[in-house]
Amino acid sequence: MLELGIIAKPVEKSFQYAQQKELSFVELCINEGQDVSAFYDQKEKLKQYKKTYNVNVGSIGRWKSLRIDKKGRIIEEELDKCFQLIDVANELECSNFVCGCNYVEELSYYENCTAAIQFFSLLIEYGKQKGVDVSSYNCRKGNFVHSPEVWKIVHGHLKELGIKFDPSHSRYFGGDYLQETVDWGQRFKHVHLKGSLLVNGIRIDDPPAGLDQTDWKTFFSLLRVKGYLGGLSIEPHSSVWTEELGEKGIDYTIKYMNDLLV
């Protein structure tokens, strides 16, 4: 059964909020500039929050970080941080870790793909020991492994590498999110529900999912065709839908998506 969750901060209030909204999980993102060691040290508290509020951790991710240096070498410090996050995922019984891999302009496309394969290979190997799957994401932030052209190479070689998919990123960069789901949906491990609004090809806003232009009904039907069993993570991202209006937007998205989860 597909389950709804929401991206949130790693604090008790997030678990309480998810419980109040009758959501099944929270997604925790520890991005560049955030303290991975501090997050690791609070894993026992997170386990307690999970138990107290009966809210799971559906995914742990890390965005925007540099993983490969200008010579094509894996940055060991960043690799260790990813290992720490996989450790926390294991402790929280979370089966999904998400990250990307940066493109290095000084290197060829082939060299970049080779470096990405090496980086993800190490994560996959480590994740196996911990019972955690590894996925790339289709966001462009600090990441070039985001679309079919590179998936054919990196994911084509790494059969166990999953994909965290967000239709909005495909829409904003001229992709076809429905065709990408047909072609690659069997590799999806986690999905973001973020609205997108384009007029004459220009991005206007990221309204609440369900109040945007995404064909969520068809997208969900395709996920079922592909046998998707991962989480559906709400991502509030609008600069317009904030505070009280933002809360109403989240409530709308929850109701809209629950109506699709027949």
# chains A, B, ... in the order shown; residues from 1 in each chain; ligands from 1
call {"tool": "residues_around", "arguments": {"residues": "Glu91 (chain A)", "least_positions_apart": "3", "cutoff": "8 Å", "atoms": "only C-alpha atoms", "output": "ChimeraX atom specification"}}
result
/A:43,47,87-88,94
call {"tool": "write_last_selection", "arguments": {"atoms": "all heavy atoms", "output": "mmCIF file, in the first residue's frame"}}
result
data_model
loop_
_atom_site.group_PDB
_atom_site.id
_atom_site.type_symbol
_atom_site.label_atom_id
_atom_site.label_comp_id
_atom_site.auth_asym_id
_atom_site.auth_seq_id
_atom_site.Cartn_x
_atom_site.Cartn_y
_atom_site.Cartn_z
ATOM 1 N N LYS A 43 20.243 10.010 17.136
ATOM 2 C CA LYS A 43 19.475 8.898 16.594
ATOM 3 C C LYS A 43 18.611 8.202 17.643
ATOM 4 O O LYS A 43 17.519 7.725 17.335
ATOM 5 C CB LYS A 43 20.379 7.890 15.890
ATOM 6 C CG LYS A 43 21.475 7.262 16.724
ATOM 7 C CD LYS A 43 22.344 6.372 15.851
ATOM 8 C CE LYS A 43 23.429 5.678 16.657
ATOM 9 N NZ LYS A 43 24.397 6.642 17.235
ATOM 10 N N LYS A 47 14.588 7.656 17.422
ATOM 11 C CA LYS A 47 13.939 6.356 17.622
ATOM 12 C C LYS A 47 12.787 6.475 18.613
ATOM 13 O O LYS A 47 11.729 5.858 18.427
ATOM 14 C CB LYS A 47 14.970 5.329 18.099
ATOM 15 C CG LYS A 47 15.943 4.907 17.026
ATOM 16 C CD LYS A 47 17.141 4.158 17.584
ATOM 17 C CE LYS A 47 16.799 2.806 18.109
ATOM 18 N NZ LYS A 47 18.019 2.042 18.507
ATOM 19 N N ASP A 87 23.934 4.734 8.400
ATOM 20 C CA ASP A 87 23.907 4.125 9.739
ATOM 21 C C ASP A 87 22.637 4.533 10.496
ATOM 22 O O ASP A 87 21.983 3.704 11.137
ATOM 23 C CB ASP A 87 25.141 4.548 10.546
ATOM 24 C CG ASP A 87 26.411 3.862 10.089
ATOM 25 O OD1 ASP A 87 26.329 2.806 9.433
ATOM 26 O OD2 ASP A 87 27.508 4.390 10.392
ATOM 27 N N VAL A 88 22.312 5.821 10.430
ATOM 28 C CA VAL A 88 21.114 6.308 11.116
ATOM 29 C C VAL A 88 19.870 5.678 10.490
ATOM 30 O O VAL A 88 18.930 5.274 11.197
ATOM 31 C CB VAL A 88 21.026 7.838 11.077
ATOM 32 C CG1 VAL A 88 19.742 8.315 11.750
ATOM 33 C CG2 VAL A 88 22.229 8.476 11.764
ATOM 34 N N CYS A 94 14.752 2.602 8.476
ATOM 35 C CA CYS A 94 14.439 3.314 7.240
ATOM 36 C C CYS A 94 15.226 2.662 6.115
ATOM 37 O O CYS A 94 16.452 2.583 6.189
ATOM 38 C CB CYS A 94 14.809 4.795 7.386
ATOM 39 S SG CYS A 94 14.798 5.718 5.832
#
call {"tool": "residues_around", "arguments": {"residues": "Leu245 (chain A)", "least_positions_apart": "5", "cutoff": "12 Å", "atoms": "only C-alpha atoms", "output": "VMD selection string"}}
result
chain A and resid 207 to 208 236 238 to 240 250 to 252
call {"tool": "write_last_selection", "arguments": {"atoms": "C-alpha atoms", "output": "JSON list (two decimals), in the first residue's frame"}}
result
[["chain", "number", "residue", "atom", "x", "y", "z"],
["A", 207, "PRO", "CA", 1.82, 25.42, -5.49],
["A", 208, "PRO", "CA", 0.52, 22.60, -3.30],
["A", 236, "PRO", "CA", 5.83, 22.18, 0.56],
["A", 238, "SER", "CA", 6.00, 27.57, -2.48],
["A", 239, "SER", "CA", 7.00, 31.14, -1.60],
["A", 240, "VAL", "CA", 3.30, 32.07, -1.88],
["A", 250, "ILE", "CA", -0.83, 20.94, 2.96],
["A", 251, "ASP", "CA", -4.29, 19.89, 4.13],
["A", 252, "TYR", "CA", -5.57, 20.15, 0.57]]
call {"tool": "atom_distance", "arguments": {"atom1": "CA of Asn31 (chain A)", "atom2": "CA of Val132 (chain A)"}}
result
18.6 Å
call {"tool": "select_by_dssp", "arguments": {"residues": "region 72-165 of chain A", "states": "strand (DSSP E)", "output": "PyMOL selection string"}}
result
chain A and resi 96-99+133-137+162-165
call {"tool": "write_last_selection", "arguments": {"atoms": "all heavy atoms", "output": "compact mmCIF listing (two decimals), in the first residue's frame"}}
result
# COMPACT_ATOMS: atom_id res chain seq x y z
N ASN A 96 15.65 3.56 2.97
CA ASN A 96 15.96 4.37 1.79
C ASN A 96 16.88 5.54 2.11
O ASN A 96 16.58 6.37 2.97
CB ASN A 96 14.67 4.91 1.18
CG ASN A 96 14.87 5.48 -0.22
OD1 ASN A 96 15.48 4.84 -1.06
ND2 ASN A 96 14.34 6.65 -0.45
N PHE A 97 18.02 5.62 1.42
CA PHE A 97 18.93 6.76 1.51
C PHE A 97 19.06 7.38 0.12
O PHE A 97 19.27 6.68 -0.87
CB PHE A 97 20.31 6.35 2.01
CG PHE A 97 21.31 7.46 1.96
CD1 PHE A 97 21.19 8.56 2.80
CD2 PHE A 97 22.36 7.44 1.05
CE1 PHE A 97 22.10 9.62 2.74
CE2 PHE A 97 23.28 8.48 0.99
CZ PHE A 97 23.15 9.56 1.83
N VAL A 98 18.95 8.71 0.06
CA VAL A 98 18.95 9.43 -1.21
C VAL A 98 20.08 10.46 -1.25
O VAL A 98 20.28 11.21 -0.29
CB VAL A 98 17.60 10.18 -1.40
CG1 VAL A 98 17.61 10.97 -2.70
CG2 VAL A 98 16.44 9.19 -1.39
N CYS A 99 20.81 10.50 -2.34
CA CYS A 99 21.82 11.55 -2.55
C CYS A 99 22.09 11.69 -4.04
O CYS A 99 21.61 10.91 -4.85
CB CYS A 99 23.10 11.26 -1.78
SG CYS A 99 24.06 9.89 -2.44
N ASP A 133 18.57 0.71 0.97
CA ASP A 133 18.71 0.94 -0.47
C ASP A 133 19.23 2.35 -0.72
O ASP A 133 18.96 3.28 0.05
CB ASP A 133 17.37 0.78 -1.18
CG ASP A 133 16.86 -0.64 -1.16
OD1 ASP A 133 17.69 -1.56 -1.17
OD2 ASP A 133 15.63 -0.83 -1.12
N VAL A 134 19.95 2.53 -1.81
CA VAL A 134 20.51 3.83 -2.18
C VAL A 134 19.86 4.30 -3.48
O VAL A 134 19.70 3.53 -4.43
CB VAL A 134 22.03 3.75 -2.35
CG1 VAL A 134 22.59 5.08 -2.85
CG2 VAL A 134 22.69 3.35 -1.03
N SER A 135 19.48 5.57 -3.52
CA SER A 135 18.87 6.16 -4.71
C SER A 135 19.53 7.48 -5.06
O SER A 135 19.93 8.24 -4.17
CB SER A 135 17.37 6.40 -4.49
OG SER A 135 16.67 5.20 -4.27
N SER A 136 19.60 7.76 -6.35
CA SER A 136 19.94 9.11 -6.81
C SER A 136 18.66 9.92 -6.77
O SER A 136 17.58 9.38 -6.55
CB SER A 136 20.50 9.07 -8.23
OG SER A 136 19.49 8.60 -9.13
N TYR A 137 18.77 11.24 -6.99
CA TYR A 137 17.55 12.07 -7.07
C TYR A 137 17.53 12.83 -8.39
O TYR A 137 18.58 13.09 -8.97
CB TYR A 137 17.44 13.01 -5.87
CG TYR A 137 18.62 13.92 -5.59
CD1 TYR A 137 18.88 15.03 -6.38
CD2 TYR A 137 19.46 13.70 -4.49
CE1 TYR A 137 19.92 15.89 -6.10
CE2 TYR A 137 20.52 14.56 -4.20
CZ TYR A 137 20.74 15.65 -5.01
OH TYR A 137 21.79 16.51 -4.72
N GLY A 162 18.63 2.93 -7.04
CA GLY A 162 17.28 3.39 -7.25
C GLY A 162 17.23 4.85 -7.69
O GLY A 162 18.26 5.50 -7.89
N ILE A 163 16.01 5.36 -7.81
CA ILE A 163 15.77 6.74 -8.20
C ILE A 163 14.73 7.36 -7.27
O ILE A 163 13.67 6.77 -7.04
CB ILE A 163 15.25 6.84 -9.65
CG1 ILE A 163 16.31 6.34 -10.65
CG2 ILE A 163 14.85 8.28 -9.99
CD1 ILE A 163 15.79 6.18 -12.07
N LYS A 164 15.05 8.52 -6.71
CA LYS A 164 14.04 9.33 -6.02
C LYS A 164 13.48 10.27 -7.07
O LYS A 164 14.20 11.08 -7.64
CB LYS A 164 14.67 10.11 -4.86
CG LYS A 164 13.66 10.84 -3.97
CD LYS A 164 13.04 12.07 -4.61
CE LYS A 164 14.07 13.16 -4.85
NZ LYS A 164 13.43 14.34 -5.59
N PHE A 165 12.18 10.17 -7.34
CA PHE A 165 11.60 10.90 -8.47
C PHE A 165 10.64 11.98 -8.01
O PHE A 165 9.81 11.76 -7.12
CB PHE A 165 10.88 9.93 -9.39
CG PHE A 165 10.50 10.53 -10.71
CD1 PHE A 165 11.46 10.74 -11.69
CD2 PHE A 165 9.19 10.89 -10.98
CE1 PHE A 165 11.11 11.31 -12.92
CE2 PHE A 165 8.83 11.45 -12.21
CZ PHE A 165 9.80 11.66 -13.18
call {"tool": "atom_distance", "arguments": {"atom1": "CA of Gln129 (chain A)", "atom2": "CA of Glu44 (chain A)"}}
result
20.3 Å
call {"tool": "atom_distance", "arguments": {"atom1": "CA of Glu244 (chain A)", "atom2": "CA of Glu22 (chain A)"}}
result
18.7 Å
call {"tool": "select_by_dssp", "arguments": {"residues": "region 51-187 of chain A", "states": "helix (DSSP H, G or I)", "output": "ChimeraX atom specification"}}
result
/A:51-53,76-91,109-130,148-157,167-172,177-187
call {"tool": "residues_around", "arguments": {"residues": "Ser65 (chain A)", "least_positions_apart": "5", "cutoff": "12 Å", "atoms": "only C-alpha atoms", "output": "JSON, numbers by chain"}}
result
{"A": [30, 31, 32, 33, 34, 36, 74, 75, 77, 78, 79, 81, 82, 99, 100, 101, 102, 103, 140, 141, 142, 143]}
call {"tool": "closest_residue", "arguments": {"among": "A:Asn54, A:Ser108, A:Ser59, A:Gln186", "to": "Gly72 (chain A)", "atoms": "only C-alpha atoms"}}
result
A:Ser108
call {"tool": "residues_around", "arguments": {"residues": "Glu3 (chain A)", "least_positions_apart": "5", "cutoff": "9 Å", "atoms": "only C-alpha atoms", "output": "PDB file with N, CA and C atoms, in the first residue's frame"}}
result
ATOM      1  N   LEU A  23      -0.354  11.274   8.835  1.00  0.00           N
ATOM      2  CA  LEU A  23       0.625  10.842   7.850  1.00  0.00           C
ATOM      3  C   LEU A  23       1.421   9.663   8.404  1.00  0.00           C
ATOM      4  N   SER A  24       1.918   8.835   7.514  1.00  0.00           N
ATOM      5  CA  SER A  24       2.588   7.601   7.944  1.00  0.00           C
ATOM      6  C   SER A  24       4.066   7.790   8.275  1.00  0.00           C
ATOM      7  N   PHE A  25       4.695   8.803   7.653  1.00  0.00           N
ATOM      8  CA  PHE A  25       6.132   8.942   7.859  1.00  0.00           C
ATOM      9  C   PHE A  25       6.591  10.385   7.687  1.00  0.00           C
ATOM     10  N   LEU A 229       6.067   0.592  -4.592  1.00  0.00           N
ATOM     11  CA  LEU A 229       5.611   0.367  -3.218  1.00  0.00           C
ATOM     12  C   LEU A 229       6.283   1.308  -2.219  1.00  0.00           C
ATOM     13  N   GLY A 230       6.939   2.348  -2.716  1.00  0.00           N
ATOM     14  CA  GLY A 230       7.646   3.274  -1.831  1.00  0.00           C
ATOM     15  C   GLY A 230       6.747   4.354  -1.271  1.00  0.00           C
ATOM     16  N   GLY A 231       7.382   5.330  -0.610  1.00  0.00           N
ATOM     17  CA  GLY A 231       6.645   6.416   0.011  1.00  0.00           C
ATOM     18  C   GLY A 231       6.312   7.536  -0.959  1.00  0.00           C
ATOM     19  N   LEU A 232       5.303   8.315  -0.579  1.00  0.00           N
ATOM     20  CA  LEU A 232       4.890   9.512  -1.314  1.00  0.00           C
ATOM     21  C   LEU A 232       5.062  10.684  -0.360  1.00  0.00           C
ATOM     22  N   SER A 233       6.100  11.467  -0.574  1.00  0.00           N
ATOM     23  CA  SER A 233       6.520  12.467   0.402  1.00  0.00           C
ATOM     24  C   SER A 233       6.131  13.874  -0.038  1.00  0.00           C
ATOM     25  N   ASN A 258      -4.959  11.384  -0.720  1.00  0.00           N
ATOM     26  CA  ASN A 258      -5.666  10.242  -0.113  1.00  0.00           C
ATOM     27  C   ASN A 258      -6.819   9.769  -0.976  1.00  0.00           C
ATOM     28  N   LEU A 261      -5.478   7.383  -3.458  1.00  0.00           N
ATOM     29  CA  LEU A 261      -4.922   6.127  -2.933  1.00  0.00           C
ATOM     30  C   LEU A 261      -6.059   5.141  -2.634  1.00  0.00           C
TER      31      LEU A 261
END
call {"tool": "residues_around", "arguments": {"residues": "region 167-170 of chain A", "least_positions_apart": "3", "cutoff": "7 Å", "atoms": "only C-alpha atoms", "output": "PyMOL selection string"}}
result
chain A and resi 138-139+173-177+194-196
call {"tool": "write_last_selection", "arguments": {"atoms": "N, CA and C atoms", "output": "mmCIF file, in the first residue's frame"}}
result
data_model
loop_
_atom_site.group_PDB
_atom_site.id
_atom_site.type_symbol
_atom_site.label_atom_id
_atom_site.label_comp_id
_atom_site.auth_asym_id
_atom_site.auth_seq_id
_atom_site.Cartn_x
_atom_site.Cartn_y
_atom_site.Cartn_z
ATOM 1 N N ASN A 138 16.335 13.188 -8.864
ATOM 2 C CA ASN A 138 16.269 13.864 -10.157
ATOM 3 C C ASN A 138 16.225 15.384 -10.031
ATOM 4 N N CYS A 139 16.590 15.887 -8.855
ATOM 5 C CA CYS A 139 16.814 17.318 -8.665
ATOM 6 C C CYS A 139 18.199 17.673 -9.209
ATOM 7 N N PHE A 173 12.525 21.239 -16.417
ATOM 8 C CA PHE A 173 13.696 21.174 -17.294
ATOM 9 C C PHE A 173 13.388 20.502 -18.629
ATOM 10 N N GLY A 174 12.117 20.549 -19.017
ATOM 11 C CA GLY A 174 11.747 20.109 -20.357
ATOM 12 C C GLY A 174 11.620 18.617 -20.541
ATOM 13 N N GLY A 175 11.551 17.866 -19.445
ATOM 14 C CA GLY A 175 11.395 16.428 -19.549
ATOM 15 C C GLY A 175 9.936 16.008 -19.623
ATOM 16 N N ASP A 176 9.718 14.726 -19.810
ATOM 17 C CA ASP A 176 8.382 14.149 -19.850
ATOM 18 C C ASP A 176 8.273 13.186 -18.672
ATOM 19 N N TYR A 177 7.682 13.668 -17.568
ATOM 20 C CA TYR A 177 7.675 12.872 -16.337
ATOM 21 C C TYR A 177 6.865 11.589 -16.467
ATOM 22 N N LYS A 194 5.442 17.396 -5.115
ATOM 23 C CA LYS A 194 5.626 18.846 -5.135
ATOM 24 C C LYS A 194 4.921 19.406 -6.363
ATOM 25 N N GLY A 195 4.101 20.411 -6.160
ATOM 26 C CA GLY A 195 3.385 21.003 -7.272
ATOM 27 C C GLY A 195 4.295 21.827 -8.167
ATOM 28 N N SER A 196 3.872 22.002 -9.417
ATOM 29 C CA SER A 196 4.649 22.825 -10.357
ATOM 30 C C SER A 196 3.691 23.607 -11.245
#
call {"tool": "closest_residue", "arguments": {"among": "A:Leu223, A:Ala18, A:Leu193, A:Val11", "to": "Leu211 (chain A)", "atoms": "only C-alpha atoms"}}
result
A:Leu193
